[in-house]
>>> print(open('structure.cif').read())   # mmCIF, C-alpha atoms, pLDDT in the B column; chains and numbers go by the auth columns
data_query
#
loop_
_atom_site.group_PDB
_atom_site.id
_atom_site.type_symbol
_atom_site.label_atom_id
_atom_site.label_comp_id
_atom_site.label_asym_id
_atom_site.label_seq_id
_atom_site.Cartn_x
_atom_site.Cartn_y
_atom_site.Cartn_z
_atom_site.B_iso_or_equiv
_atom_site.auth_seq_id
_atom_site.auth_asym_id
ATOM 1 C CA MET A 1 -220.086 -9.405 6.436 44.00 1 A
ATOM 2 C CA ARG A 2 -220.358 -9.753 2.670 47.00 2 A
ATOM 3 C CA THR A 3 -219.974 -13.279 1.244 48.00 3 A
ATOM 4 C CA PRO A 4 -216.920 -13.572 -1.089 51.00 4 A
ATOM 5 C CA GLN A 5 -217.767 -13.980 -4.780 60.00 5 A
ATOM 6 C CA PHE A 6 -215.837 -16.460 -6.901 66.00 6 A
ATOM 7 C CA ASP A 7 -215.829 -16.340 -10.694 77.00 7 A
ATOM 8 C CA ALA A 8 -216.071 -19.800 -12.304 81.00 8 A
ATOM 9 C CA ASP A 9 -214.669 -18.410 -15.568 86.00 9 A
ATOM 10 C CA ALA A 10 -211.356 -17.863 -13.767 89.00 10 A
ATOM 11 C CA LEU A 11 -210.821 -21.639 -14.017 93.00 11 A
ATOM 12 C CA LEU A 12 -210.911 -21.697 -17.834 94.00 12 A
ATOM 13 C CA PRO A 13 -207.439 -20.189 -18.474 94.00 13 A
ATOM 14 C CA LEU A 14 -205.975 -22.643 -15.953 94.00 14 A
ATOM 15 C CA PHE A 15 -207.516 -25.654 -17.694 96.00 15 A
ATOM 16 C CA ARG A 16 -206.546 -24.403 -21.151 94.00 16 A
ATOM 17 C CA ARG A 17 -202.968 -23.896 -20.044 95.00 17 A
ATOM 18 C CA ARG A 18 -202.540 -27.118 -18.064 95.00 18 A
ATOM 19 C CA GLN A 19 -205.196 -29.478 -19.556 96.00 19 A
ATOM 20 C CA ILE A 20 -205.342 -31.361 -16.255 97.00 20 A
ATOM 21 C CA VAL A 21 -205.288 -29.625 -12.858 97.00 21 A
ATOM 22 C CA THR A 22 -205.439 -30.496 -9.160 97.00 22 A
ATOM 23 C CA MET A 23 -207.860 -29.306 -6.505 96.00 23 A
ATOM 24 C CA ASP A 24 -205.143 -27.160 -4.897 96.00 24 A
ATOM 25 C CA GLU A 25 -204.466 -25.400 -8.209 96.00 25 A
ATOM 26 C CA MET A 26 -208.155 -24.594 -8.619 96.00 26 A
ATOM 27 C CA LYS A 27 -208.395 -23.326 -5.045 94.00 27 A
ATOM 28 C CA ALA A 28 -205.458 -21.005 -5.650 94.00 28 A
ATOM 29 C CA VAL A 29 -207.039 -19.547 -8.801 93.00 29 A
ATOM 30 C CA LEU A 30 -210.417 -19.031 -7.165 93.00 30 A
ATOM 31 C CA GLY A 31 -208.897 -17.695 -3.974 91.00 31 A
ATOM 32 C CA THR A 32 -210.692 -20.126 -1.686 93.00 32 A
ATOM 33 C CA ALA A 33 -209.677 -22.889 0.713 93.00 33 A
ATOM 34 C CA VAL A 34 -213.049 -24.660 0.524 94.00 34 A
ATOM 35 C CA GLU A 35 -213.413 -27.685 -1.795 94.00 35 A
ATOM 36 C CA ARG A 36 -217.197 -27.319 -1.863 93.00 36 A
ATOM 37 C CA THR A 37 -216.788 -23.897 -3.461 93.00 37 A
ATOM 38 C CA VAL A 38 -214.583 -25.369 -6.196 95.00 38 A
ATOM 39 C CA PHE A 39 -217.059 -28.157 -6.960 94.00 39 A
ATOM 40 C CA ARG A 40 -219.915 -25.654 -7.081 92.00 40 A
ATOM 41 C CA LYS A 41 -218.012 -23.602 -9.669 92.00 41 A
ATOM 42 C CA LEU A 42 -217.027 -26.715 -11.639 92.00 42 A
ATOM 43 C CA GLN A 43 -220.717 -27.458 -12.170 91.00 43 A
ATOM 44 C CA ALA A 44 -220.696 -24.679 -14.759 90.00 44 A
ATOM 45 C CA PHE A 45 -218.584 -26.909 -17.032 92.00 45 A
ATOM 46 C CA PRO A 46 -218.802 -30.598 -17.969 93.00 46 A
ATOM 47 C CA TYR A 47 -215.709 -32.062 -16.301 96.00 47 A
ATOM 48 C CA HIS A 48 -214.026 -35.367 -15.458 96.00 48 A
ATOM 49 C CA SER A 49 -211.845 -36.522 -12.591 97.00 49 A
ATOM 50 C CA SER A 50 -209.075 -39.065 -13.190 97.00 50 A
ATOM 51 C CA TYR A 51 -209.752 -42.717 -12.392 97.00 51 A
ATOM 52 C CA SER A 52 -206.056 -43.053 -11.557 95.00 52 A
ATOM 53 C CA HIS A 53 -204.125 -41.197 -8.815 94.00 53 A
ATOM 54 C CA ARG A 54 -207.171 -41.520 -6.510 93.00 54 A
ATOM 55 C CA GLY A 55 -209.091 -38.965 -8.578 95.00 55 A
ATOM 56 C CA LYS A 56 -206.480 -36.293 -7.954 96.00 56 A
ATOM 57 C CA PHE A 57 -206.646 -34.680 -11.408 97.00 57 A
ATOM 58 C CA TYR A 58 -209.490 -32.876 -13.186 98.00 58 A
ATOM 59 C CA THR A 59 -210.077 -31.909 -16.799 97.00 59 A
ATOM 60 C CA LEU A 60 -212.854 -30.374 -18.858 96.00 60 A
ATOM 61 C CA ASP A 61 -214.846 -32.536 -21.236 95.00 61 A
ATOM 62 C CA ALA A 62 -213.942 -30.219 -24.112 94.00 62 A
ATOM 63 C CA LEU A 63 -210.226 -30.821 -23.490 96.00 63 A
ATOM 64 C CA ALA A 64 -210.281 -34.602 -23.071 96.00 64 A
ATOM 65 C CA ASP A 65 -209.378 -36.508 -26.250 94.00 65 A
ATOM 66 C CA PHE A 66 -211.034 -39.854 -25.516 95.00 66 A
ATOM 67 C CA ASP A 67 -210.183 -42.791 -27.777 93.00 67 A
ATOM 68 C CA ASP A 68 -212.706 -45.270 -29.166 90.00 68 A
ATOM 69 C CA ARG A 69 -212.639 -47.147 -25.847 92.00 69 A
ATOM 70 C CA GLY A 70 -213.597 -43.988 -23.964 94.00 70 A
ATOM 71 C CA LEU A 71 -210.149 -43.591 -22.383 95.00 71 A
ATOM 72 C CA TRP A 72 -207.652 -40.717 -22.365 96.00 72 A
ATOM 73 C CA THR A 73 -204.238 -40.297 -20.738 95.00 73 A
ATOM 74 C CA CYS A 74 -202.536 -36.981 -20.054 96.00 74 A
ATOM 75 C CA ARG A 75 -199.192 -36.663 -18.285 93.00 75 A
ATOM 76 C CA GLY A 76 -199.662 -40.091 -16.737 93.00 76 A
ATOM 77 C CA ALA A 77 -203.161 -39.392 -15.381 96.00 77 A
ATOM 78 C CA ARG A 78 -205.899 -41.631 -16.793 96.00 78 A
ATOM 79 C CA PHE A 79 -209.437 -40.490 -17.513 97.00 79 A
ATOM 80 C CA SER A 80 -212.546 -42.341 -18.622 97.00 80 A
ATOM 81 C CA ARG A 81 -215.670 -41.145 -20.349 97.00 81 A
ATOM 82 C CA PHE A 82 -217.535 -43.431 -17.942 97.00 82 A
ATOM 83 C CA GLY A 83 -216.251 -41.750 -14.770 96.00 83 A
ATOM 84 C CA THR A 84 -214.617 -43.521 -11.839 96.00 84 A
ATOM 85 C CA LEU A 85 -212.550 -46.707 -12.020 97.00 85 A
ATOM 86 C CA ILE A 86 -215.471 -48.718 -10.648 97.00 86 A
ATOM 87 C CA ASP A 87 -217.905 -47.297 -13.230 97.00 87 A
ATOM 88 C CA THR A 88 -215.351 -47.791 -16.012 97.00 88 A
ATOM 89 C CA ALA A 89 -214.719 -51.415 -15.028 97.00 89 A
ATOM 90 C CA GLU A 90 -218.472 -52.060 -15.006 98.00 90 A
ATOM 91 C CA GLN A 91 -218.922 -50.566 -18.479 97.00 91 A
ATOM 92 C CA PHE A 92 -215.968 -52.468 -19.940 96.00 92 A
ATOM 93 C CA VAL A 93 -217.214 -55.782 -18.577 97.00 93 A
ATOM 94 C CA THR A 94 -220.858 -55.206 -19.531 96.00 94 A
ATOM 95 C CA ARG A 95 -219.951 -54.175 -23.094 94.00 95 A
ATOM 96 C CA SER A 96 -217.363 -56.945 -23.591 93.00 96 A
ATOM 97 C CA ASP A 97 -217.944 -59.806 -26.034 91.00 97 A
ATOM 98 C CA ARG A 98 -216.484 -62.402 -23.660 90.00 98 A
ATOM 99 C CA GLY A 99 -216.142 -60.785 -20.250 94.00 99 A
ATOM 100 C CA TRP A 100 -212.777 -59.955 -18.698 94.00 100 A
ATOM 101 C CA LEU A 101 -210.211 -61.616 -16.500 93.00 101 A
ATOM 102 C CA ALA A 102 -208.944 -59.217 -13.828 92.00 102 A
ATOM 103 C CA ALA A 103 -205.426 -59.336 -15.327 90.00 103 A
ATOM 104 C CA GLU A 104 -206.770 -58.555 -18.816 89.00 104 A
ATOM 105 C CA LEU A 105 -208.785 -55.581 -17.607 92.00 105 A
ATOM 106 C CA ALA A 106 -205.885 -54.279 -15.508 92.00 106 A
ATOM 107 C CA SER A 107 -203.732 -54.327 -18.628 88.00 107 A
ATOM 108 C CA GLU A 108 -206.407 -52.575 -20.675 91.00 108 A
ATOM 109 C CA LEU A 109 -207.075 -49.824 -18.132 93.00 109 A
ATOM 110 C CA GLN A 110 -203.488 -49.644 -16.845 90.00 110 A
ATOM 111 C CA ALA A 111 -204.810 -49.635 -13.299 92.00 111 A
ATOM 112 C CA PRO A 112 -205.366 -52.186 -10.493 93.00 112 A
ATOM 113 C CA VAL A 113 -208.919 -53.481 -10.862 95.00 113 A
ATOM 114 C CA LYS A 114 -209.171 -56.466 -8.517 94.00 114 A
ATOM 115 C CA GLU A 115 -210.831 -54.570 -5.664 96.00 115 A
ATOM 116 C CA PRO A 116 -213.174 -52.539 -7.933 97.00 116 A
ATOM 117 C CA LEU A 117 -214.295 -55.776 -9.631 97.00 117 A
ATOM 118 C CA LEU A 118 -214.955 -57.482 -6.295 97.00 118 A
ATOM 119 C CA THR A 119 -216.887 -54.415 -5.144 97.00 119 A
ATOM 120 C CA LEU A 120 -219.036 -54.609 -8.283 98.00 120 A
ATOM 121 C CA VAL A 121 -219.686 -58.315 -7.717 98.00 121 A
ATOM 122 C CA ARG A 122 -220.683 -57.714 -4.093 97.00 122 A
ATOM 123 C CA ALA A 123 -223.007 -54.918 -5.231 97.00 123 A
ATOM 124 C CA ARG A 124 -224.484 -57.326 -7.847 97.00 124 A
ATOM 125 C CA ARG A 125 -223.524 -55.000 -10.651 97.00 125 A
ATOM 126 C CA LEU A 126 -221.340 -57.755 -12.179 98.00 126 A
ATOM 127 C CA VAL A 127 -221.209 -61.547 -11.984 97.00 127 A
ATOM 128 C CA ARG A 128 -218.068 -63.642 -11.519 97.00 128 A
ATOM 129 C CA LYS A 129 -217.825 -67.124 -13.058 94.00 129 A
ATOM 130 C CA GLU A 130 -214.989 -69.647 -12.998 91.00 130 A
ATOM 131 C CA VAL A 131 -213.770 -70.771 -16.419 86.00 131 A
ATOM 132 C CA ALA A 132 -210.797 -73.140 -16.795 80.00 132 A
ATOM 133 C CA GLY A 133 -209.569 -72.290 -13.298 83.00 133 A
ATOM 134 C CA GLN A 134 -209.797 -68.523 -13.763 87.00 134 A
ATOM 135 C CA TYR A 135 -212.482 -66.054 -12.722 92.00 135 A
ATOM 136 C CA VAL A 136 -214.224 -64.283 -15.593 94.00 136 A
ATOM 137 C CA TYR A 137 -216.203 -61.138 -14.796 97.00 137 A
ATOM 138 C CA CYS A 138 -219.426 -60.955 -16.774 97.00 138 A
ATOM 139 C CA ALA A 139 -222.555 -58.858 -17.213 97.00 139 A
ATOM 140 C CA THR A 140 -225.517 -59.320 -14.882 97.00 140 A
ATOM 141 C CA ASP A 141 -227.916 -59.625 -17.812 96.00 141 A
ATOM 142 C CA LEU A 142 -228.451 -63.356 -18.311 95.00 142 A
ATOM 143 C CA ALA A 143 -228.501 -63.308 -22.125 94.00 143 A
ATOM 144 C CA THR A 144 -225.349 -61.180 -22.339 95.00 144 A
ATOM 145 C CA ARG A 145 -223.558 -63.270 -19.720 95.00 145 A
ATOM 146 C CA THR A 146 -224.479 -66.519 -21.463 94.00 146 A
ATOM 147 C CA GLU A 147 -223.015 -65.226 -24.743 93.00 147 A
ATOM 148 C CA GLN A 148 -219.851 -63.989 -22.992 92.00 148 A
ATOM 149 C CA LEU A 149 -219.253 -67.358 -21.345 92.00 149 A
ATOM 150 C CA HIS A 150 -220.049 -69.185 -24.571 90.00 150 A
ATOM 151 C CA LEU A 151 -217.310 -67.255 -26.373 86.00 151 A
ATOM 152 C CA ARG A 152 -214.902 -67.970 -23.510 83.00 152 A
ATOM 153 C CA HIS A 153 -215.606 -71.692 -23.827 76.00 153 A
ATOM 154 C CA THR A 154 -215.523 -71.796 -27.643 65.00 154 A
ATOM 155 C CA PRO A 155 -212.033 -71.939 -29.265 53.00 155 A
ATOM 156 C CA ALA A 156 -213.610 -71.317 -32.688 41.00 156 A
ATOM 157 C CA ALA A 157 -214.561 -67.837 -31.534 40.00 157 A
ATOM 158 C CA ALA A 158 -211.054 -66.688 -32.463 40.00 158 A
ATOM 159 C CA ASP A 159 -211.862 -67.282 -36.132 39.00 159 A
ATOM 160 C CA THR A 160 -214.813 -64.907 -36.103 36.00 160 A
ATOM 161 C CA VAL A 161 -213.421 -62.295 -33.705 36.00 161 A
ATOM 162 C CA PRO A 162 -209.886 -61.394 -34.903 39.00 162 A
ATOM 163 C CA PHE A 163 -208.632 -59.801 -31.693 40.00 163 A
ATOM 164 C CA LEU A 164 -209.363 -63.007 -29.755 40.00 164 A
ATOM 165 C CA ARG A 165 -206.796 -65.034 -31.687 45.00 165 A
ATOM 166 C CA ASP A 166 -204.201 -66.481 -29.337 52.00 166 A
ATOM 167 C CA PRO A 167 -200.932 -67.363 -31.121 56.00 167 A
ATOM 168 C CA LEU A 168 -199.597 -68.981 -27.944 56.00 168 A
ATOM 169 C CA ALA A 169 -202.347 -71.590 -28.151 55.00 169 A
ATOM 170 C CA GLN A 170 -200.789 -72.756 -31.441 53.00 170 A
ATOM 171 C CA THR A 171 -197.238 -72.739 -30.078 59.00 171 A
ATOM 172 C CA SER A 172 -195.659 -76.118 -29.308 64.00 172 A
ATOM 173 C CA ASP A 173 -194.344 -76.953 -25.848 69.00 173 A
ATOM 174 C CA GLU A 174 -190.825 -77.113 -27.283 70.00 174 A
ATOM 175 C CA THR A 175 -191.129 -73.576 -28.648 72.00 175 A
ATOM 176 C CA LYS A 176 -192.500 -72.292 -25.357 69.00 176 A
ATOM 177 C CA ALA A 177 -189.569 -73.919 -23.541 75.00 177 A
ATOM 178 C CA ALA A 178 -187.163 -72.245 -25.975 77.00 178 A
ATOM 179 C CA ILE A 179 -188.824 -68.866 -25.342 76.00 179 A
ATOM 180 C CA ILE A 180 -188.461 -69.299 -21.578 77.00 180 A
ATOM 181 C CA LEU A 181 -184.816 -70.368 -21.967 80.00 181 A
ATOM 182 C CA PHE A 182 -184.043 -67.341 -24.136 82.00 182 A
ATOM 183 C CA PHE A 183 -185.927 -65.135 -21.694 77.00 183 A
ATOM 184 C CA SER A 184 -183.690 -66.311 -18.846 80.00 184 A
ATOM 185 C CA THR A 185 -180.584 -65.029 -20.643 87.00 185 A
ATOM 186 C CA LEU A 186 -181.844 -61.414 -20.724 85.00 186 A
ATOM 187 C CA ASP A 187 -181.311 -58.731 -18.108 85.00 187 A
ATOM 188 C CA GLU A 188 -184.255 -57.071 -16.342 85.00 188 A
ATOM 189 C CA HIS A 189 -184.647 -54.228 -18.866 85.00 189 A
ATOM 190 C CA GLN A 190 -184.418 -56.560 -21.866 87.00 190 A
ATOM 191 C CA ARG A 191 -186.952 -58.948 -20.332 85.00 191 A
ATOM 192 C CA ARG A 192 -189.460 -56.130 -19.912 87.00 192 A
ATOM 193 C CA LEU A 193 -189.032 -54.989 -23.520 88.00 193 A
ATOM 194 C CA TYR A 194 -189.153 -58.510 -24.966 88.00 194 A
ATOM 195 C CA ALA A 195 -192.266 -59.338 -22.947 86.00 195 A
ATOM 196 C CA GLY A 196 -193.849 -56.082 -24.132 84.00 196 A
ATOM 197 C CA LEU A 197 -193.024 -56.969 -27.747 85.00 197 A
ATOM 198 C CA GLU A 198 -194.593 -60.420 -27.469 83.00 198 A
ATOM 199 C CA SER A 199 -197.649 -58.872 -25.810 82.00 199 A
ATOM 200 C CA LEU A 200 -198.018 -56.506 -28.764 80.00 200 A
ATOM 201 C CA ARG A 201 -197.876 -59.477 -31.141 78.00 201 A
ATOM 202 C CA LEU A 202 -200.607 -61.256 -29.212 76.00 202 A
ATOM 203 C CA GLY A 203 -202.878 -58.206 -29.092 73.00 203 A
ATOM 204 C CA HIS A 204 -205.937 -58.174 -26.801 68.00 204 A
ATOM 205 C CA GLY A 205 -205.100 -59.819 -23.455 74.00 205 A
ATOM 206 C CA GLY A 206 -201.443 -60.205 -24.416 78.00 206 A
ATOM 207 C CA ASP A 207 -200.088 -58.899 -21.116 82.00 207 A
ATOM 208 C CA SER A 208 -201.840 -61.588 -19.080 82.00 208 A
ATOM 209 C CA ARG A 209 -200.875 -64.353 -21.542 80.00 209 A
ATOM 210 C CA ILE A 210 -197.202 -63.393 -21.481 84.00 210 A
ATOM 211 C CA ALA A 211 -197.364 -63.025 -17.689 83.00 211 A
ATOM 212 C CA ALA A 212 -198.629 -66.602 -17.427 80.00 212 A
ATOM 213 C CA LEU A 213 -195.817 -67.841 -19.683 79.00 213 A
ATOM 214 C CA THR A 214 -192.896 -65.882 -18.221 81.00 214 A
ATOM 215 C CA GLY A 215 -193.930 -65.203 -14.633 80.00 215 A
ATOM 216 C CA LEU A 216 -193.503 -61.440 -15.066 84.00 216 A
ATOM 217 C CA ASP A 217 -196.035 -59.078 -13.494 85.00 217 A
ATOM 218 C CA VAL A 218 -198.638 -57.774 -15.966 82.00 218 A
ATOM 219 C CA HIS A 219 -197.783 -54.185 -15.025 86.00 219 A
ATOM 220 C CA THR A 220 -194.115 -54.798 -15.883 87.00 220 A
ATOM 221 C CA ILE A 221 -195.142 -56.181 -19.274 88.00 221 A
ATOM 222 C CA ALA A 222 -197.486 -53.248 -19.842 87.00 222 A
ATOM 223 C CA LYS A 223 -194.618 -50.874 -19.045 87.00 223 A
ATOM 224 C CA GLY A 224 -192.391 -52.578 -21.621 85.00 224 A
ATOM 225 C CA ARG A 225 -195.183 -52.431 -24.194 84.00 225 A
ATOM 226 C CA SER A 226 -195.725 -48.723 -23.494 82.00 226 A
ATOM 227 C CA GLU A 227 -192.004 -48.009 -23.807 82.00 227 A
ATOM 228 C CA LEU A 228 -191.911 -49.685 -27.214 81.00 228 A
ATOM 229 C CA LEU A 229 -194.980 -47.857 -28.462 77.00 229 A
ATOM 230 C CA ALA A 230 -193.580 -44.535 -27.243 75.00 230 A
ATOM 231 C CA ARG A 231 -190.121 -45.436 -28.618 73.00 231 A
ATOM 232 C CA ASP A 232 -188.806 -44.642 -25.155 71.00 232 A
ATOM 233 C CA VAL A 233 -186.042 -47.236 -25.187 72.00 233 A
ATOM 234 C CA HIS A 234 -182.599 -46.523 -23.821 68.00 234 A
ATOM 235 C CA VAL A 235 -180.047 -49.162 -24.698 61.00 235 A
ATOM 236 C CA ALA A 236 -177.793 -49.548 -21.710 54.00 236 A
ATOM 237 C CA ARG A 237 -174.267 -50.748 -22.188 44.00 237 A
ATOM 238 C CA ILE A 238 -173.986 -53.752 -19.942 45.00 238 A
ATOM 239 C CA ARG A 239 -170.569 -55.357 -19.652 46.00 239 A
ATOM 240 C CA ARG A 240 -170.444 -59.097 -19.212 48.00 240 A
ATOM 241 C CA PRO A 241 -168.478 -60.440 -16.289 50.00 241 A
ATOM 242 C CA GLY A 242 -164.843 -60.709 -17.281 52.00 242 A
ATOM 243 C CA ALA A 243 -165.222 -58.490 -20.331 49.00 243 A
ATOM 244 C CA GLY A 244 -163.193 -55.401 -21.005 50.00 244 A
ATOM 245 C CA ARG A 245 -159.540 -54.705 -20.461 52.00 245 A
ATOM 246 C CA PRO A 246 -157.848 -56.821 -17.846 53.00 246 A
ATOM 247 C CA PRO A 247 -157.012 -54.901 -14.669 51.00 247 A
ATOM 248 C CA LEU A 248 -153.540 -53.464 -14.526 49.00 248 A
ATOM 249 C CA GLU A 249 -151.456 -54.727 -11.701 49.00 249 A
ATOM 250 C CA LYS A 250 -148.622 -52.794 -10.263 47.00 250 A
ATOM 251 C CA LYS A 251 -145.369 -54.491 -10.857 47.00 251 A
ATOM 252 C CA ARG A 252 -143.590 -55.077 -7.654 49.00 252 A
ATOM 253 C CA ARG A 253 -140.169 -53.569 -7.466 50.00 253 A
ATOM 254 C CA LYS A 254 -137.576 -56.248 -7.190 49.00 254 A
ATOM 255 C CA SER A 255 -135.505 -55.702 -4.153 47.00 255 A
ATOM 256 C CA SER A 256 -131.830 -55.680 -4.971 46.00 256 A
ATOM 257 C CA THR A 257 -129.672 -57.850 -2.877 46.00 257 A
ATOM 258 C CA ARG A 258 -126.327 -56.575 -1.928 49.00 258 A
ATOM 259 C CA SER A 259 -123.518 -58.998 -1.440 46.00 259 A
ATOM 260 C CA ASN A 260 -121.467 -58.546 1.673 49.00 260 A
ATOM 261 C CA ARG A 261 -118.000 -58.061 0.830 47.00 261 A
#
>>> encode(input="structure.cif", output="structure tokens")
Amino acid sequence: MRTPQFDADALLPLFRRRQIVTMDEMKAVLGTAVERTVFRKLQAFPYHSSYSHRGKFYTLDALADFDDRGLWTCRGARFSRFGTLIDTAEQFVTRSDRGWLAAELASELQAPVKEPLLTLVRARRLVRKEVAGQYVYCATDLATRTEQLHLRHTPAAADTVPFLRDPLAQTSDETKAAIILFFSTLDEHQRRLYAGLESLRLGHGGDSRIAALTGLDVHTIAKGRSELLARDVHVARIRRPGAGRPPLEKKRRKSSTRSNR
């Protein structure tokens, strides 16, 4: 029996039309049910799999518009020039000026990174050090790690590295208390947007700083920040208790009393 032939070029129109595709979509185009056949044909093109969605989506290198961090998002799927989430986390930590907290890196990559970071530490591809009660993930190279930890320990570093400035560090306790009080008066949607706005003002690591102040989850804050940046804000009309027209009550018909004559 003759072995079926599959044309790798048949994948190109699919990628050009969709930008990101799934394994099932590629199987359908090639007319095969075997994943190994798809991967063999993909070798003809430089490609990337998403580090989000458990690697469900694929794209061609020529179609991915990576930013200066090496990241690209398309229809909610996240891709990295460095490959998988584990490889991306390793590169981000190794190249960082001051290492990363897990919450900071999760905000940056918009993905859960706790387990990948622990995997990298166990594999001795990263080192974890405690600084001020928090674990900082650092490079394995001693010189690089020493510099990263030095910057973490040195407040003056914010003067030489602009994105490390932390406005909350200069905020008085009274102001922080006022922020928390104001925050408590907002509904859930408004809290998310306000937290996202403050995170934008703080810049690098803002999500984790606002999370520590307000108690909100970093992913909730990141969602609010993304909504603001995308101008995807829908102002809901929320009526306060007791507001609006008072309810109409049916007037009871007075029963007429007849006098017995």
>>> residues_around(input="structure.cif", residues="Leu42 in chain A", least_positions_apart="2", cutoff="10 Å", atoms="all atoms listed in the file", output="ChimeraX atom specification")
/A:8-9,11,26,36-40,44-48,58,60
>>> closest_residue(input="structure.cif", among="A:Arg231, A:Leu63, A:Ser184, A:Lys27", to="Phe15 in chain A", atoms="only C-alpha atoms")
A:Leu63
>>> resolve_selection(input="structure.cif", expression="the PyMOL selection byres ((chain A and resi 141) around 10)", output="list in words")
Thr94, Arg125, Leu126, Val127, Cys138, Ala139, Thr140, Leu142, Ala143, Thr144, Arg145 and Thr146 of chain A
>>> residues_around(input="structure.cif", residues="Ala64 in chain A", least_positions_apart="5", cutoff="12 Å", atoms="only C-alpha atoms", output="VMD selection string")
chain A and resid 15 to 16 18 to 20 46 to 50 58 to 59 70 to 74 77 to 81
>>> atom_distance(input="structure.cif", atom1="CA of His150 in chain A", atom2="CA of Leu101 in chain A")
14.8 Å
>>> closest_residue(input="structure.cif", among="A:Lys129, A:Lys56, A:Arg95, A:Arg191", to="Gly76 in chain A", atoms="all atoms listed in the file")
A:Lys56
>>> resolve_selection(input="structure.cif", expression="the PyMOL selection byres ((chain A and resi 224) around 10)", output="JSON, numbers by chain")
{"A": [189, 190, 191, 192, 193, 194, 195, 196, 197, 199, 200, 207, 218, 219, 220, 221, 222, 223, 225, 226, 227, 228, 229, 230, 232, 233]}
>>> build_atoms(input="structure.cif", residues="range 86-91 of chain A", atoms="all heavy atoms", output="mmCIF file, in the coordinates of the input")
data_model
loop_
_atom_site.group_PDB
_atom_site.id
_atom_site.type_symbol
_atom_site.label_atom_id
_atom_site.label_comp_id
_atom_site.auth_asym_id
_atom_site.auth_seq_id
_atom_site.Cartn_x
_atom_site.Cartn_y
_atom_site.Cartn_z
ATOM 1 N N ILE A 86 -214.416 -47.717 -10.836
ATOM 2 C CA ILE A 86 -215.471 -48.718 -10.648
ATOM 3 C C ILE A 86 -216.485 -48.650 -11.790
ATOM 4 O O ILE A 86 -216.864 -49.670 -12.374
ATOM 5 C CB ILE A 86 -216.172 -48.517 -9.290
ATOM 6 C CG1 ILE A 86 -215.249 -48.986 -8.156
ATOM 7 C CG2 ILE A 86 -217.500 -49.264 -9.236
ATOM 8 C CD1 ILE A 86 -215.859 -48.866 -6.784
ATOM 9 N N ASP A 87 -216.934 -47.447 -12.138
ATOM 10 C CA ASP A 87 -217.905 -47.297 -13.230
ATOM 11 C C ASP A 87 -217.307 -47.718 -14.567
ATOM 12 O O ASP A 87 -217.990 -48.307 -15.413
ATOM 13 C CB ASP A 87 -218.389 -45.847 -13.308
ATOM 14 C CG ASP A 87 -219.240 -45.458 -12.118
ATOM 15 O OD1 ASP A 87 -219.860 -46.357 -11.515
ATOM 16 O OD2 ASP A 87 -219.276 -44.259 -11.764
ATOM 17 N N THR A 88 -216.022 -47.413 -14.763
ATOM 18 C CA THR A 88 -215.351 -47.791 -16.012
ATOM 19 C C THR A 88 -215.221 -49.302 -16.123
ATOM 20 O O THR A 88 -215.482 -49.881 -17.186
ATOM 21 C CB THR A 88 -213.956 -47.136 -16.082
ATOM 22 O OG1 THR A 88 -214.102 -45.715 -16.026
ATOM 23 C CG2 THR A 88 -213.240 -47.515 -17.362
ATOM 24 N N ALA A 89 -214.828 -49.956 -15.024
ATOM 25 C CA ALA A 89 -214.719 -51.415 -15.028
ATOM 26 C C ALA A 89 -216.068 -52.058 -15.339
ATOM 27 O O ALA A 89 -216.158 -53.018 -16.119
ATOM 28 C CB ALA A 89 -214.193 -51.901 -13.678
ATOM 29 N N GLU A 90 -217.132 -51.520 -14.752
ATOM 30 C CA GLU A 90 -218.472 -52.060 -15.006
ATOM 31 C C GLU A 90 -218.845 -51.937 -16.477
ATOM 32 O O GLU A 90 -219.350 -52.882 -17.093
ATOM 33 C CB GLU A 90 -219.499 -51.326 -14.149
ATOM 34 C CG GLU A 90 -220.920 -51.830 -14.365
ATOM 35 C CD GLU A 90 -221.942 -51.051 -13.553
ATOM 36 O OE1 GLU A 90 -221.655 -49.877 -13.220
ATOM 37 O OE2 GLU A 90 -223.019 -51.594 -13.270
ATOM 38 N N GLN A 91 -218.581 -50.777 -17.076
ATOM 39 C CA GLN A 91 -218.922 -50.566 -18.479
ATOM 40 C C GLN A 91 -218.106 -51.474 -19.395
ATOM 41 O O GLN A 91 -218.634 -52.038 -20.356
ATOM 42 C CB GLN A 91 -218.705 -49.104 -18.848
ATOM 43 C CG GLN A 91 -219.711 -48.133 -18.245
ATOM 44 C CD GLN A 91 -221.116 -48.387 -18.754
ATOM 45 O OE1 GLN A 91 -221.323 -48.699 -19.928
ATOM 46 N NE2 GLN A 91 -222.094 -48.265 -17.868
#
